[in-house]
Amino acid sequence: MEKSITSQNRVKLLTPGPSSAEKKKHVMKLSKALNQIKLLDTSFGSEEEFGQKPSMIKVNKSTRKRTAEDQSLSRTSPSSIHSRNKSSSVTKSQTFNVAQGRNPSEVALSAEIDSRIPLPEKTVLPKVGRKMGENITNFSQGATCKPRTHIVFLKVHKSASSTVINILFRFGETHNLTFALPINGLHQLNYPHYFTAAVVEPLSPSNDSQFNIMCHHMRFFKPEVAKVMPNKTFYFSILRNPVQLMESSFTYYKGTSAFSKARDLEEFLNQPSQFYNASATDSHYAKNLMAFDFGYNHNGNFSATHIQLMLHAIEAEFDLLLISEYFDESMVLLKETLCWDLDDVTFFPLNSRHNTTKTPLSESTTEKIKSWNKLDWEIYVHFNKTFWEKIDWHVGKERLRNEVRMLQKKREQLAKTCLQGSGSVAPQLIKDRALAPLQYGRAVIMGYNLKPTLDKATRQMCQRMVTPELQYNRLLYRKQFPKKALRHSNAAVLPKLSNRRTV
């Protein structure tokens, strides 16, 4: 049974979406187009070669509702349909000072928001209270909504996705939801290979419940995901500017084949052919990482037409794409679309880097990164635009600013309650090793210290907010599969505070 969720002084501003017939028509059109251009998981030396690859996409010409079995396309080359984003640092300062809210760069971003969002008409929001499973009436449009509890989050590398996962972990644990966890207590869903349903730890035969949340690292392949998740599942992901993403990846994945011999990112970009091997199994960490996570060929020589079809296909498969550079705004939009409370998306940034491991980039390096990661840049530019369109439609400028302030105030209050000091600390200063994040590549990943005088209930709440992904995943696996967890206890080794690489 799901626990109830209460909500104070809030209402959902929902918008009418496309009709079922329109959605089916749009999906069929995209499927046919993708079948024609043959987006396969191979390296294309030219656009002609791109078009000569044999098709692996089966098009269902029926207009009936597609089931998971209907979507079971050929798995020989699933990249033709799928792809997603990365995980990264949320903070832009050496230590994220939660008590002070945003740092100067975030304030500048807020000013940019004001200039690009039109002022909505004044809306009077009635006071509403609701419980899980109970509809919320939109008094202005007559629509209703209830909290979404079937969710797939594509965890894109280096795009603040570790913070999003913590939000999903906490929501699911609080409301007794069931997670689609990696088999045998692992922390990734077959990555970097395509996701398959077989890599999810199955529920016991006596358990007739469905999975609620899937959010671990995977290379997206919708037909296989649909075998695990219900038809009405909400799909979302988060993107990051490819320039900052590659700078972060170079530090975090320094041990990969493409980056290990390059002195710095500038040297790599000046002569990529000396360092980059497209056939290497870890080459995706160095080029178009977001496109790879969404399931597309990161080495593909896509034409403008192919890129547009890819963007439309991603748009058809995902209900929402967030932007990590506007993380607070993203959380407001997320809670609106999921019909959640602001408390549900309150966070402390996780897996963020120390400033000493961040490298400033010249204008020429920035342009080289955009060119080298053309697919990622096209994805980011397109969905940055749709993000603000959804903000306009679902929230509006004035309400967005108010809710962002409320979110920051809640974070400030929680920081004063939970944390020693004003925010994150360097790994060597973390006192509780159970809260120490994995140190990876050349990155220095920050963590938190909790106040020692917290009562039991408050400490548990605070601890969940700062628990790194690997430790939280282990906790959920033990709760959901207690007997299996005993057999896989060797996977429960705490992260070392020294740097190491596991690709």
# chains A, B, ... in the order shown; residues from 1 in each chain; ligands from 1
call {"tool": "residues_around", "arguments": {"residues": "Val200 (chain A)", "least_positions_apart": "6", "cutoff": "7 Å", "atoms": "only C-alpha atoms", "output": "NGL selection string"}}
result
:A and (180-183)
call {"tool": "closest_atom_pairs", "arguments": {"of": "region 132-249 of chain A", "to": "region 281-300 of chain A", "cutoff": "9 Å", "atoms": "only C-alpha atoms", "output": "JSON lines"}}
result
{"residue": "A:Leu154", "atom": "CA", "partner": "A:Phe294", "partner_atom": "CA", "distance": 7.8}
{"residue": "A:Lys155", "atom": "CA", "partner": "A:Asp293", "partner_atom": "CA", "distance": 8.1}
{"residue": "A:Val156", "atom": "CA", "partner": "A:Asp293", "partner_atom": "CA", "distance": 6.2}
{"residue": "A:His157", "atom": "CA", "partner": "A:Met290", "partner_atom": "CA", "distance": 7.2}
{"residue": "A:Tyr191", "atom": "CA", "partner": "A:Asp293", "partner_atom": "CA", "distance": 9.0}
{"residue": "A:Pro192", "atom": "CA", "partner": "A:Asp293", "partner_atom": "CA", "distance": 8.2}
{"residue": "A:Tyr194", "atom": "CA", "partner": "A:Gly295", "partner_atom": "CA", "distance": 7.3}
{"residue": "A:His217", "atom": "CA", "partner": "A:Asp293", "partner_atom": "CA", "distance": 8.5}
{"residue": "A:Met218", "atom": "CA", "partner": "A:Asp293", "partner_atom": "CA", "distance": 6.9}
{"residue": "A:Arg219", "atom": "CA", "partner": "A:Asp293", "partner_atom": "CA", "distance": 4.7}
{"residue": "A:Phe220", "atom": "CA", "partner": "A:Gly295", "partner_atom": "CA", "distance": 5.1}
{"residue": "A:Phe221", "atom": "CA", "partner": "A:Gly295", "partner_atom": "CA", "distance": 6.4}
{"residue": "A:Leu239", "atom": "CA", "partner": "A:Met290", "partner_atom": "CA", "distance": 7.6}
{"residue": "A:Arg240", "atom": "CA", "partner": "A:Met290", "partner_atom": "CA", "distance": 8.6}
{"residue": "A:Pro242", "atom": "CA", "partner": "A:Asn288", "partner_atom": "CA", "distance": 8.1}
{"residue": "A:Leu245", "atom": "CA", "partner": "A:Leu289", "partner_atom": "CA", "distance": 8.8}
{"residue": "A:Met246", "atom": "CA", "partner": "A:Ala286", "partner_atom": "CA", "distance": 7.2}
{"residue": "A:Ser249", "atom": "CA", "partner": "A:Tyr285", "partner_atom": "CA", "distance": 6.8}
call {"tool": "closest_residue", "arguments": {"among": "A:Ala304, A:Leu407, A:Ala436, A:Leu186", "to": "Asn351 (chain A)", "atoms": "only C-alpha atoms"}}
result
A:Ala436
call {"tool": "residues_around", "arguments": {"residues": "Asn270 (chain A)", "least_positions_apart": "2", "cutoff": "12 Å", "atoms": "only C-alpha atoms", "output": "mmCIF file with C-alpha atoms, in the first residue's frame"}}
result
data_model
loop_
_atom_site.group_PDB
_atom_site.id
_atom_site.type_symbol
_atom_site.label_atom_id
_atom_site.label_comp_id
_atom_site.auth_asym_id
_atom_site.auth_seq_id
_atom_site.Cartn_x
_atom_site.Cartn_y
_atom_site.Cartn_z
ATOM 1 C CA ALA A 262 45.920 13.451 -23.594
ATOM 2 C CA ARG A 263 47.533 16.068 -21.330
ATOM 3 C CA ASP A 264 44.412 18.191 -21.334
ATOM 4 C CA LEU A 265 41.135 18.674 -23.188
ATOM 5 C CA GLU A 266 42.677 21.214 -25.557
ATOM 6 C CA GLU A 267 45.270 18.706 -26.760
ATOM 7 C CA PHE A 268 42.583 16.066 -27.264
ATOM 8 C CA PRO A 272 41.354 13.803 -31.710
ATOM 9 C CA SER A 273 42.459 11.209 -34.276
ATOM 10 C CA GLN A 274 45.586 10.562 -32.191
ATOM 11 C CA PHE A 275 43.569 9.714 -29.102
ATOM 12 C CA TYR A 276 40.079 8.666 -30.164
ATOM 13 C CA SER A 364 37.988 28.312 -29.325
ATOM 14 C CA THR A 365 37.834 25.200 -27.119
ATOM 15 C CA GLU A 367 33.486 25.839 -30.322
ATOM 16 C CA LYS A 368 35.590 22.705 -30.864
ATOM 17 C CA ILE A 369 33.538 20.879 -28.219
ATOM 18 C CA SER A 371 31.588 20.636 -33.283
ATOM 19 C CA TRP A 372 32.995 17.375 -31.843
#
call {"tool": "closest_atom_pairs", "arguments": {"of": "region 296-380 of chain A", "to": "region 162-167 of chain A", "cutoff": "12 Å", "atoms": "only C-alpha atoms", "output": "CSV"}}
result
residue,atom,partner,partner_atom,distance
A:Leu322,CA,A:Val164,CA,10.4
A:Ile323,CA,A:Val164,CA,11.6
A:Ser324,CA,A:Val164,CA,10.0
A:Phe327,CA,A:Val164,CA,9.6
A:Asp328,CA,A:Val164,CA,11.2
A:Ser330,CA,A:Val164,CA,10.2
A:Met331,CA,A:Val164,CA,8.8
A:Leu334,CA,A:Val164,CA,10.2
A:Lys335,CA,A:Ile167,CA,10.9
A:Trp340,CA,A:Ile167,CA,11.5
A:Asp341,CA,A:Ile167,CA,11.9
A:Leu342,CA,A:Ile167,CA,11.3
A:Asp343,CA,A:Ile167,CA,10.0
A:Asp344,CA,A:Ile167,CA,7.1
A:Val345,CA,A:Ile167,CA,6.0
A:Thr346,CA,A:Ile167,CA,7.6
A:Phe347,CA,A:Ile167,CA,6.9
A:Phe348,CA,A:Thr163,CA,7.4
A:Pro349,CA,A:Thr163,CA,5.7
A:Leu350,CA,A:Thr163,CA,5.2
A:Asn351,CA,A:Ser162,CA,6.5
A:Ser352,CA,A:Ser162,CA,9.1
call {"tool": "select_by_dssp", "arguments": {"residues": "region 244-427 of chain A", "states": "strand (DSSP E)", "output": "PDB file with all heavy atoms, in the first residue's frame"}}
result
ATOM      1  N   LEU A 320       9.118  14.567 -20.733  1.00  0.00           N
ATOM      2  CA  LEU A 320       9.745  15.786 -20.224  1.00  0.00           C
ATOM      3  C   LEU A 320      11.260  15.650 -20.261  1.00  0.00           C
ATOM      4  O   LEU A 320      11.802  14.600 -19.894  1.00  0.00           O
ATOM      5  CB  LEU A 320       9.291  16.042 -18.779  1.00  0.00           C
ATOM      6  CG  LEU A 320       9.846  17.286 -18.078  1.00  0.00           C
ATOM      7  CD1 LEU A 320       9.361  18.555 -18.769  1.00  0.00           C
ATOM      8  CD2 LEU A 320       9.418  17.290 -16.606  1.00  0.00           C
ATOM      9  N   LEU A 321      11.943  16.698 -20.707  1.00  0.00           N
ATOM     10  CA  LEU A 321      13.400  16.773 -20.647  1.00  0.00           C
ATOM     11  C   LEU A 321      13.770  18.039 -19.889  1.00  0.00           C
ATOM     12  O   LEU A 321      13.401  19.147 -20.297  1.00  0.00           O
ATOM     13  CB  LEU A 321      14.017  16.782 -22.050  1.00  0.00           C
ATOM     14  CG  LEU A 321      13.940  15.444 -22.781  1.00  0.00           C
ATOM     15  CD1 LEU A 321      14.407  15.576 -24.212  1.00  0.00           C
ATOM     16  CD2 LEU A 321      14.751  14.381 -22.063  1.00  0.00           C
ATOM     17  N   LEU A 322      14.494  17.868 -18.803  1.00  0.00           N
ATOM     18  CA  LEU A 322      14.893  18.972 -17.936  1.00  0.00           C
ATOM     19  C   LEU A 322      16.273  19.482 -18.339  1.00  0.00           C
ATOM     20  O   LEU A 322      16.987  18.833 -19.119  1.00  0.00           O
ATOM     21  CB  LEU A 322      14.892  18.512 -16.482  1.00  0.00           C
ATOM     22  CG  LEU A 322      13.577  17.897 -15.990  1.00  0.00           C
ATOM     23  CD1 LEU A 322      13.741  17.361 -14.574  1.00  0.00           C
ATOM     24  CD2 LEU A 322      12.441  18.907 -16.060  1.00  0.00           C
ATOM     25  N   ILE A 323      16.673  20.631 -17.791  1.00  0.00           N
ATOM     26  CA  ILE A 323      17.965  21.246 -18.106  1.00  0.00           C
ATOM     27  C   ILE A 323      18.727  21.457 -16.799  1.00  0.00           C
ATOM     28  O   ILE A 323      18.249  22.154 -15.898  1.00  0.00           O
ATOM     29  CB  ILE A 323      17.781  22.598 -18.828  1.00  0.00           C
ATOM     30  CG1 ILE A 323      16.962  22.406 -20.117  1.00  0.00           C
ATOM     31  CG2 ILE A 323      19.131  23.236 -19.120  1.00  0.00           C
ATOM     32  CD1 ILE A 323      17.631  21.558 -21.171  1.00  0.00           C
TER      33      ILE A 323
END
call {"tool": "atom_distance", "arguments": {"atom1": "CA of Phe153 (chain A)", "atom2": "CA of Tyr235 (chain A)"}}
result
6.0 Å
